[in-house]
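Q: Got a structure for you, questions after.
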Amino acid sequence: MGPRLPLLVAALASCMLPARTCVLCDTKIVEALNSLEMDYLPGHLGAEHHKNLMKRVKQALQDFKELPFDEDSYLGVVDEPTLEKASWSLLKDLKRITDSEVKDELFVKELFWMLHLQKDIFARYAAHFQKEDFCPNECGMMLQTLIWCSNCKKQVHACRKSLDCGERKVEVHEMEDMILDCELNWHHASQGLTDYSFYRVWRNKSETLVSKGKEPTLTKIMVDPLDAGTYRCQLDTVQSSPATVIRFHVIVLPKRIAEEIPSSNIPSQDEVAPSVVTWSVTKSSTTLQSPSSQSPKSPTAENILRGRLVGLLIWISVVLIAGIATTILSYRSEKIMDSIKSWLGTGSEAAQSSQVPEEKATESRSQ
């Protein structure tokens, strides 16, 4: 039974004393009952029934403690979160009834039916606390604040288990950071915790304090082979006994070898996936085509065809320009030839006309 035995003995002893139910340990419940008696009953129930009704209501709430004592379901104690959940559920249903403005006999029936259901809800909350939240530590010593339903007093209960929480193996590569984490999931819920102390344990069993403080981790940057070995973490409490003790066996592995893999921007033919999805632009819209609906022409064939068309256009342009130039030159050459011919014809006529007077002059001199 472990840490539950003292609670069971105390719970059995409390049966010999006048006891209160856990929900009445919440001041909000007490205030709600007073408001029910002073504010709601005067307008919804005859005055002669007020005293008897409130007596029955308090007795029904006292019956919440009439649960079988079992180390797995109920030991007469709860923690604050469990009490808050049970109280909130009861207050919510009570407000629902008062907001409905029911009166007389219907009001009485709904009120006591609600209390009957709330007792079952409290039993479920108490069982969940007993199984899941009571002394949740699997090792070490947890100081847990509990509320005793018999007298509504808060007391710190020591959940004592084996202080040795085992050994953890930690592997870290040389020149990398080593992190030792000493925190357990129940540490945040425990009371009376002080500092985390990390020790280096040597082969001769002697120890050297490495760090001490509120942080649950020990960090060593850029470790080397000398950092390998055994470390011990101890979480201290306000009492003489520590809360937990954890050992770490650190192994420093060789430094990682970083391999540089050359990268190429041009994928090879084998690297091109056969199911590559490409975007194709048409006149109507932009559509996503799968490989089965793509044109059989590859991008290279399209580029070749485009180049040939451009070349053909250039060749046609050159031929057209050459034809136009030839036509212009031919037209101009004909004019030039006509000019030359006309010029030559004028020169020959002038020569002939100059030769006729000379012949006449010669004939006259000879006569």
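Just remember, in the structure tokens the first chain shown is A, the second B, etc., residues are 1-based per chain, and ligands are 1-based in the order shown.
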Show which residues sit within 12 Å of Thr82 (chain A), as a list in words. Count only C-alpha atoms, and ignore same-chain residues fewer than 4 positions away.
A: Cys22, Val23, Cys25, Asp26, Val77, Val78, Ala86, Ser87, Trp88, Ser89, Ile121, Phe122, Ala123, Arg124, Tyr125, Ala126, Ala127, His128, Phe129, Gln130, Glu132, Asp133, Phe134, Leu146 and Ile147 of chain A
Q: Would you mind exporting the chosen residues as a CSV table (one decimal), in the first residue's frame, restricted to C-alpha atoms?
A:
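Ended up saving to out_28.csv:
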chain,number,residue,atom,x,y,z
A,22,CYS,CA,-15.4,17.8,0.9
A,23,VAL,CA,-17.6,20.2,-1.1
A,25,CYS,CA,-14.8,22.9,2.4
A,26,ASP,CA,-15.2,25.3,-0.4
A,77,VAL,CA,-8.8,13.5,0.9
A,78,VAL,CA,-8.6,15.4,-2.3
A,86,ALA,CA,-16.6,19.2,-7.9
A,87,SER,CA,-17.6,22.7,-6.5
A,88,TRP,CA,-18.0,24.2,-10.0
A,89,SER,CA,-20.2,21.4,-11.1
A,121,ILE,CA,-20.1,13.2,-10.0
A,122,PHE,CA,-18.1,13.8,-6.9
A,123,ALA,CA,-17.4,10.1,-6.5
A,124,ARG,CA,-16.0,10.0,-10.1
A,125,TYR,CA,-13.8,13.0,-9.4
A,126,ALA,CA,-12.5,11.5,-6.2
A,127,ALA,CA,-11.8,8.1,-7.8
A,128,HIS,CA,-9.9,9.8,-10.7
A,129,PHE,CA,-7.8,11.8,-8.1
A,130,GLN,CA,-7.0,8.6,-6.2
A,132,GLU,CA,-4.2,9.4,-11.3
A,133,ASP,CA,-3.2,12.4,-9.2
A,134,PHE,CA,-2.6,11.1,-5.7
A,146,LEU,CA,-4.0,17.6,0.3
A,147,ILE,CA,-7.4,18.7,1.8
Q: Counting only C-alpha atoms, what is within 12 Å of Lys205 (chain A), bar same-chain residues fewer than 4 positions away, as a list in words?
A: Tyr199, Arg200, Val201, Gly229, Thr230, Tyr231 and Arg232 of chain A
Q: Include N, CA and C atoms and write out the residues we just selected as a PDB file, in the first residue's frame.
A:
ATOM      1  N   TYR A 199      26.550  16.716  -9.814  1.00  0.00           N
ATOM      2  CA  TYR A 199      27.881  16.316  -9.349  1.00  0.00           C
ATOM      3  C   TYR A 199      28.572  15.480 -10.418  1.00  0.00           C
ATOM      4  N   ARG A 200      29.895  15.623 -10.477  1.00  0.00           N
ATOM      5  CA  ARG A 200      30.710  14.743 -11.322  1.00  0.00           C
ATOM      6  C   ARG A 200      31.244  13.630 -10.419  1.00  0.00           C
ATOM      7  N   VAL A 201      30.939  12.392 -10.782  1.00  0.00           N
ATOM      8  CA  VAL A 201      31.338  11.233  -9.980  1.00  0.00           C
ATOM      9  C   VAL A 201      32.601  10.649 -10.600  1.00  0.00           C
ATOM     10  N   GLY A 229      31.900  10.176 -18.637  1.00  0.00           N
ATOM     11  CA  GLY A 229      31.918   9.629 -17.287  1.00  0.00           C
ATOM     12  C   GLY A 229      30.537   9.620 -16.667  1.00  0.00           C
ATOM     13  N   THR A 230      30.477   9.606 -15.344  1.00  0.00           N
ATOM     14  CA  THR A 230      29.231   9.515 -14.590  1.00  0.00           C
ATOM     15  C   THR A 230      28.932  10.839 -13.895  1.00  0.00           C
ATOM     16  N   TYR A 231      27.673  11.240 -13.993  1.00  0.00           N
ATOM     17  CA  TYR A 231      27.194  12.448 -13.324  1.00  0.00           C
ATOM     18  C   TYR A 231      25.992  12.066 -12.459  1.00  0.00           C
ATOM     19  N   ARG A 232      25.785  12.832 -11.391  1.00  0.00           N
ATOM     20  CA  ARG A 232      24.657  12.575 -10.499  1.00  0.00           C
ATOM     21  C   ARG A 232      23.896  13.866 -10.269  1.00  0.00           C
TER      22      ARG A 232
END
Q: Where in region 117-194 of chain A does DSSP assign strand (DSSP E or B), given as a PDB file with N, CA and C atoms, in the first residue's frame?
A:
ATOM      1  N   MET A 141      10.669  11.329  -3.576  1.00  0.00           N
ATOM      2  CA  MET A 141       9.730  11.751  -2.550  1.00  0.00           C
ATOM      3  C   MET A 141       9.027  13.027  -3.013  1.00  0.00           C
ATOM      4  N   MET A 142       7.711  12.962  -3.117  1.00  0.00           N
ATOM      5  CA  MET A 142       6.904  14.111  -3.519  1.00  0.00           C
ATOM      6  C   MET A 142       6.141  14.635  -2.314  1.00  0.00           C
ATOM      7  N   LEU A 143       6.193  15.938  -2.113  1.00  0.00           N
ATOM      8  CA  LEU A 143       5.431  16.586  -1.057  1.00  0.00           C
ATOM      9  C   LEU A 143       4.169  17.171  -1.675  1.00  0.00           C
ATOM     10  N   GLN A 144       3.010  16.542  -1.388  1.00  0.00           N
ATOM     11  CA  GLN A 144       1.753  16.910  -2.027  1.00  0.00           C
ATOM     12  C   GLN A 144       0.795  17.528  -1.011  1.00  0.00           C
ATOM     13  N   THR A 145       0.214  18.677  -1.373  1.00  0.00           N
ATOM     14  CA  THR A 145      -0.760  19.345  -0.512  1.00  0.00           C
ATOM     15  C   THR A 145      -2.130  18.716  -0.716  1.00  0.00           C
ATOM     16  N   LEU A 146      -2.736  18.223   0.386  1.00  0.00           N
ATOM     17  CA  LEU A 146      -4.040  17.566   0.340  1.00  0.00           C
ATOM     18  C   LEU A 146      -5.017  18.268   1.265  1.00  0.00           C
ATOM     19  N   ILE A 147      -6.306  18.122   0.964  1.00  0.00           N
ATOM     20  CA  ILE A 147      -7.375  18.669   1.789  1.00  0.00           C
ATOM     21  C   ILE A 147      -8.097  17.505   2.458  1.00  0.00           C
ATOM     22  N   TRP A 148      -8.124  17.513   3.784  1.00  0.00           N
ATOM     23  CA  TRP A 148      -8.792  16.454   4.532  1.00  0.00           C
ATOM     24  C   TRP A 148     -10.261  16.818   4.671  1.00  0.00           C
ATOM     25  N   LYS A 153      -8.930  20.837   6.527  1.00  0.00           N
ATOM     26  CA  LYS A 153      -7.585  21.374   6.715  1.00  0.00           C
ATOM     27  C   LYS A 153      -6.659  20.916   5.583  1.00  0.00           C
ATOM     28  N   LYS A 154      -5.757  21.798   5.215  1.00  0.00           N
ATOM     29  CA  LYS A 154      -4.740  21.472   4.212  1.00  0.00           C
ATOM     30  C   LYS A 154      -3.473  21.010   4.918  1.00  0.00           C
ATOM     31  N   GLN A 155      -2.968  19.889   4.459  1.00  0.00           N
ATOM     32  CA  GLN A 155      -1.743  19.350   5.024  1.00  0.00           C
ATOM     33  C   GLN A 155      -0.850  18.832   3.902  1.00  0.00           C
ATOM     34  N   VAL A 156       0.446  18.902   4.140  1.00  0.00           N
ATOM     35  CA  VAL A 156       1.420  18.395   3.181  1.00  0.00           C
ATOM     36  C   VAL A 156       1.681  16.929   3.486  1.00  0.00           C
ATOM     37  N   HIS A 157       1.443  16.103   2.484  1.00  0.00           N
ATOM     38  CA  HIS A 157       1.638  14.658   2.624  1.00  0.00           C
ATOM     39  C   HIS A 157       2.886  14.246   1.854  1.00  0.00           C
ATOM     40  N   ALA A 158       3.736  13.464   2.491  1.00  0.00           N
ATOM     41  CA  ALA A 158       4.974  12.995   1.866  1.00  0.00           C
ATOM     42  C   ALA A 158       4.719  11.669   1.153  1.00  0.00           C
ATOM     43  N   CYS A 159       4.821  11.692  -0.181  1.00  0.00           N
ATOM     44  CA  CYS A 159       4.687  10.465  -0.980  1.00  0.00           C
ATOM     45  C   CYS A 159       6.079   9.863  -1.135  1.00  0.00           C
ATOM     46  N   ARG A 160       6.406   8.933  -0.270  1.00  0.00           N
ATOM     47  CA  ARG A 160       7.759   8.382  -0.221  1.00  0.00           C
ATOM     48  C   ARG A 160       7.855   7.105  -1.051  1.00  0.00           C
ATOM     49  N   ASP A 164      16.093   6.486  -5.603  1.00  0.00           N
ATOM     50  CA  ASP A 164      16.892   6.230  -6.798  1.00  0.00           C
ATOM     51  C   ASP A 164      15.965   6.155  -8.012  1.00  0.00           C
ATOM     52  N   CYS A 165      16.077   7.150  -8.886  1.00  0.00           N
ATOM     53  CA  CYS A 165      15.245   7.187 -10.093  1.00  0.00           C
ATOM     54  C   CYS A 165      15.981   6.644 -11.311  1.00  0.00           C
ATOM     55  N   GLY A 166      17.003   5.846 -11.084  1.00  0.00           N
ATOM     56  CA  GLY A 166      17.655   5.132 -12.173  1.00  0.00           C
ATOM     57  C   GLY A 166      18.806   5.882 -12.807  1.00  0.00           C
ATOM     58  N   GLU A 167      19.350   5.251 -13.847  1.00  0.00           N
ATOM     59  CA  GLU A 167      20.493   5.804 -14.586  1.00  0.00           C
ATOM     60  C   GLU A 167      20.110   5.973 -16.047  1.00  0.00           C
ATOM     61  N   ARG A 168      20.552   7.069 -16.610  1.00  0.00           N
ATOM     62  CA  ARG A 168      20.273   7.377 -18.008  1.00  0.00           C
ATOM     63  C   ARG A 168      21.576   7.402 -18.792  1.00  0.00           C
ATOM     64  N   LYS A 169      21.505   6.822 -19.984  1.00  0.00           N
ATOM     65  CA  LYS A 169      22.661   6.800 -20.865  1.00  0.00           C
ATOM     66  C   LYS A 169      22.564   7.961 -21.844  1.00  0.00           C
ATOM     67  N   VAL A 170      23.613   8.762 -21.902  1.00  0.00           N
ATOM     68  CA  VAL A 170      23.633   9.941 -22.765  1.00  0.00           C
ATOM     69  C   VAL A 170      24.830   9.830 -23.704  1.00  0.00           C
ATOM     70  N   GLU A 171      24.583   9.887 -24.999  1.00  0.00           N
ATOM     71  CA  GLU A 171      25.646   9.859 -26.005  1.00  0.00           C
ATOM     72  C   GLU A 171      25.708  11.208 -26.705  1.00  0.00           C
ATOM     73  N   VAL A 172      26.903  11.746 -26.809  1.00  0.00           N
ATOM     74  CA  VAL A 172      27.099  13.042 -27.447  1.00  0.00           C
ATOM     75  C   VAL A 172      28.411  13.007 -28.222  1.00  0.00           C
ATOM     76  N   HIS A 173      28.415  13.645 -29.388  1.00  0.00           N
ATOM     77  CA  HIS A 173      29.616  13.679 -30.202  1.00  0.00           C
ATOM     78  C   HIS A 173      30.568  14.784 -29.724  1.00  0.00           C
ATOM     79  N   MET A 178      26.424  19.046 -24.585  1.00  0.00           N
ATOM     80  CA  MET A 178      25.854  17.999 -23.737  1.00  0.00           C
ATOM     81  C   MET A 178      24.799  18.622 -22.825  1.00  0.00           C
ATOM     82  N   ILE A 179      23.603  18.031 -22.789  1.00  0.00           N
ATOM     83  CA  ILE A 179      22.515  18.523 -21.944  1.00  0.00           C
ATOM     84  C   ILE A 179      22.004  17.367 -21.082  1.00  0.00           C
ATOM     85  N   LEU A 180      22.066  17.547 -19.766  1.00  0.00           N
ATOM     86  CA  LEU A 180      21.548  16.563 -18.824  1.00  0.00           C
ATOM     87  C   LEU A 180      20.291  17.144 -18.182  1.00  0.00           C
ATOM     88  N   ASP A 181      19.166  16.467 -18.374  1.00  0.00           N
ATOM     89  CA  ASP A 181      17.868  16.954 -17.882  1.00  0.00           C
ATOM     90  C   ASP A 181      17.446  16.122 -16.678  1.00  0.00           C
ATOM     91  N   LEU A 193      10.285  21.953  -2.787  1.00  0.00           N
ATOM     92  CA  LEU A 193      11.506  21.681  -3.541  1.00  0.00           C
ATOM     93  C   LEU A 193      12.422  22.895  -3.498  1.00  0.00           C
ATOM     94  N   THR A 194      13.724  22.640  -3.515  1.00  0.00           N
ATOM     95  CA  THR A 194      14.691  23.745  -3.427  1.00  0.00           C
ATOM     96  C   THR A 194      15.549  23.835  -4.686  1.00  0.00           C
TER      97      THR A 194
END
Q: Give me, please, the distance in Å between CA of Cys139 (chain A) and CA of Phe248 (chain A), quoted to one decimal.
A: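 We find that CA of Cys139 (chain A) and CA of Phe248 (chain A) lie 16.2 Å from each other.
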Q: Could you tell me how far CA of Leu253 (chain A) lies from CA of Glu174 (chain A), in Å and to one decimal?
A: 5.9 Å
Q: Excluding region 52-61 of chain A and any residue of its chain fewer than 3 positions from it, enumerate the residues within 7 Å of it, using only C-alpha atoms, and give them as a list of chain:residue names.
A: A:Thr21, A:His49, A:Phe64, A:Leu115
Q: DSSP on the backbone, then: every residue of region 59-242 of chain A marked helix (DSSP H, G or I), written as a VMD selection string.
A: chain A and resid 59 to 65 80 to 100 104 to 133 187 to 189 225 to 227
Q: With a distance cut-off of 10 Å and only C-alpha atoms, select the neighbouring residues of Ser211 (chain A), excluding the residue or stretch itself and same-chain residues fewer than 6 positions from it, and output the selection as a PyMOL selection string.
A: chain A and resi 195-200+217-219+233
Q: What separation in Å, quoted to one decimal, exists between CA of Lys161 (chain A) and CA of Leu67 (chain A)?
A: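 Value for the CA of Lys161 (chain A)-CA of Leu67 (chain A) distance: 27.6 Å.
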Q: Excluding Gly43 (chain A) and any residue of its chain fewer than 5 positions from it, enumerate the residues within 10 Å of it, using only C-alpha atoms, and give them as a list in words.
A: Met38, Glu101, Lys103 and Asp104 of chain A
Q: Keeping only all heavy atoms, write those residues as a PDB file, in the first residue's frame.
A:
ATOM      1  N   MET A  38     -31.638  32.709   1.889  1.00  0.00           N
ATOM      2  CA  MET A  38     -32.044  34.079   2.173  1.00  0.00           C
ATOM      3  C   MET A  38     -32.699  34.773   0.982  1.00  0.00           C
ATOM      4  O   MET A  38     -33.597  35.607   1.172  1.00  0.00           O
ATOM      5  CB  MET A  38     -30.825  34.893   2.625  1.00  0.00           C
ATOM      6  CG  MET A  38     -30.109  34.314   3.835  1.00  0.00           C
ATOM      7  SD  MET A  38     -31.189  34.150   5.296  1.00  0.00           S
ATOM      8  CE  MET A  38     -31.538  35.874   5.619  1.00  0.00           C
ATOM      9  N   GLU A 101     -36.505  29.668 -12.071  1.00  0.00           N
ATOM     10  CA  GLU A 101     -37.606  30.248 -11.290  1.00  0.00           C
ATOM     11  C   GLU A 101     -38.708  29.222 -10.954  1.00  0.00           C
ATOM     12  O   GLU A 101     -39.889  29.583 -10.840  1.00  0.00           O
ATOM     13  CB  GLU A 101     -38.225  31.433 -12.040  1.00  0.00           C
ATOM     14  CG  GLU A 101     -37.292  32.609 -12.255  1.00  0.00           C
ATOM     15  CD  GLU A 101     -36.939  33.333 -10.966  1.00  0.00           C
ATOM     16  OE1 GLU A 101     -37.705  33.199  -9.989  1.00  0.00           O
ATOM     17  OE2 GLU A 101     -35.898  34.016 -10.930  1.00  0.00           O
ATOM     18  N   LYS A 103     -40.885  26.713  -8.555  1.00  0.00           N
ATOM     19  CA  LYS A 103     -41.403  26.961  -7.213  1.00  0.00           C
ATOM     20  C   LYS A 103     -41.966  25.691  -6.586  1.00  0.00           C
ATOM     21  O   LYS A 103     -42.196  24.687  -7.260  1.00  0.00           O
ATOM     22  CB  LYS A 103     -42.510  28.023  -7.255  1.00  0.00           C
ATOM     23  CG  LYS A 103     -42.071  29.383  -7.752  1.00  0.00           C
ATOM     24  CD  LYS A 103     -43.237  30.357  -7.740  1.00  0.00           C
ATOM     25  CE  LYS A 103     -42.815  31.740  -8.215  1.00  0.00           C
ATOM     26  NZ  LYS A 103     -43.951  32.697  -8.182  1.00  0.00           N
ATOM     27  N   ASP A 104     -42.088  25.784  -5.290  1.00  0.00           N
ATOM     28  CA  ASP A 104     -42.813  24.805  -4.470  1.00  0.00           C
ATOM     29  C   ASP A 104     -42.319  23.369  -4.704  1.00  0.00           C
ATOM     30  O   ASP A 104     -41.130  23.116  -4.676  1.00  0.00           O
ATOM     31  CB  ASP A 104     -44.315  24.924  -4.728  1.00  0.00           C
ATOM     32  CG  ASP A 104     -44.835  26.329  -4.381  1.00  0.00           C
ATOM     33  OD1 ASP A 104     -44.279  26.912  -3.438  1.00  0.00           O
ATOM     34  OD2 ASP A 104     -45.744  26.816  -5.068  1.00  0.00           O
TER      35      ASP A 104
END
Q: Between A:Arg256, A:Arg203, A:Lys95, A:Lys85, which is the closest to Leu33 (chain A) once you count only C-alpha atoms?
A: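 Closest candidate: A:Lys95.
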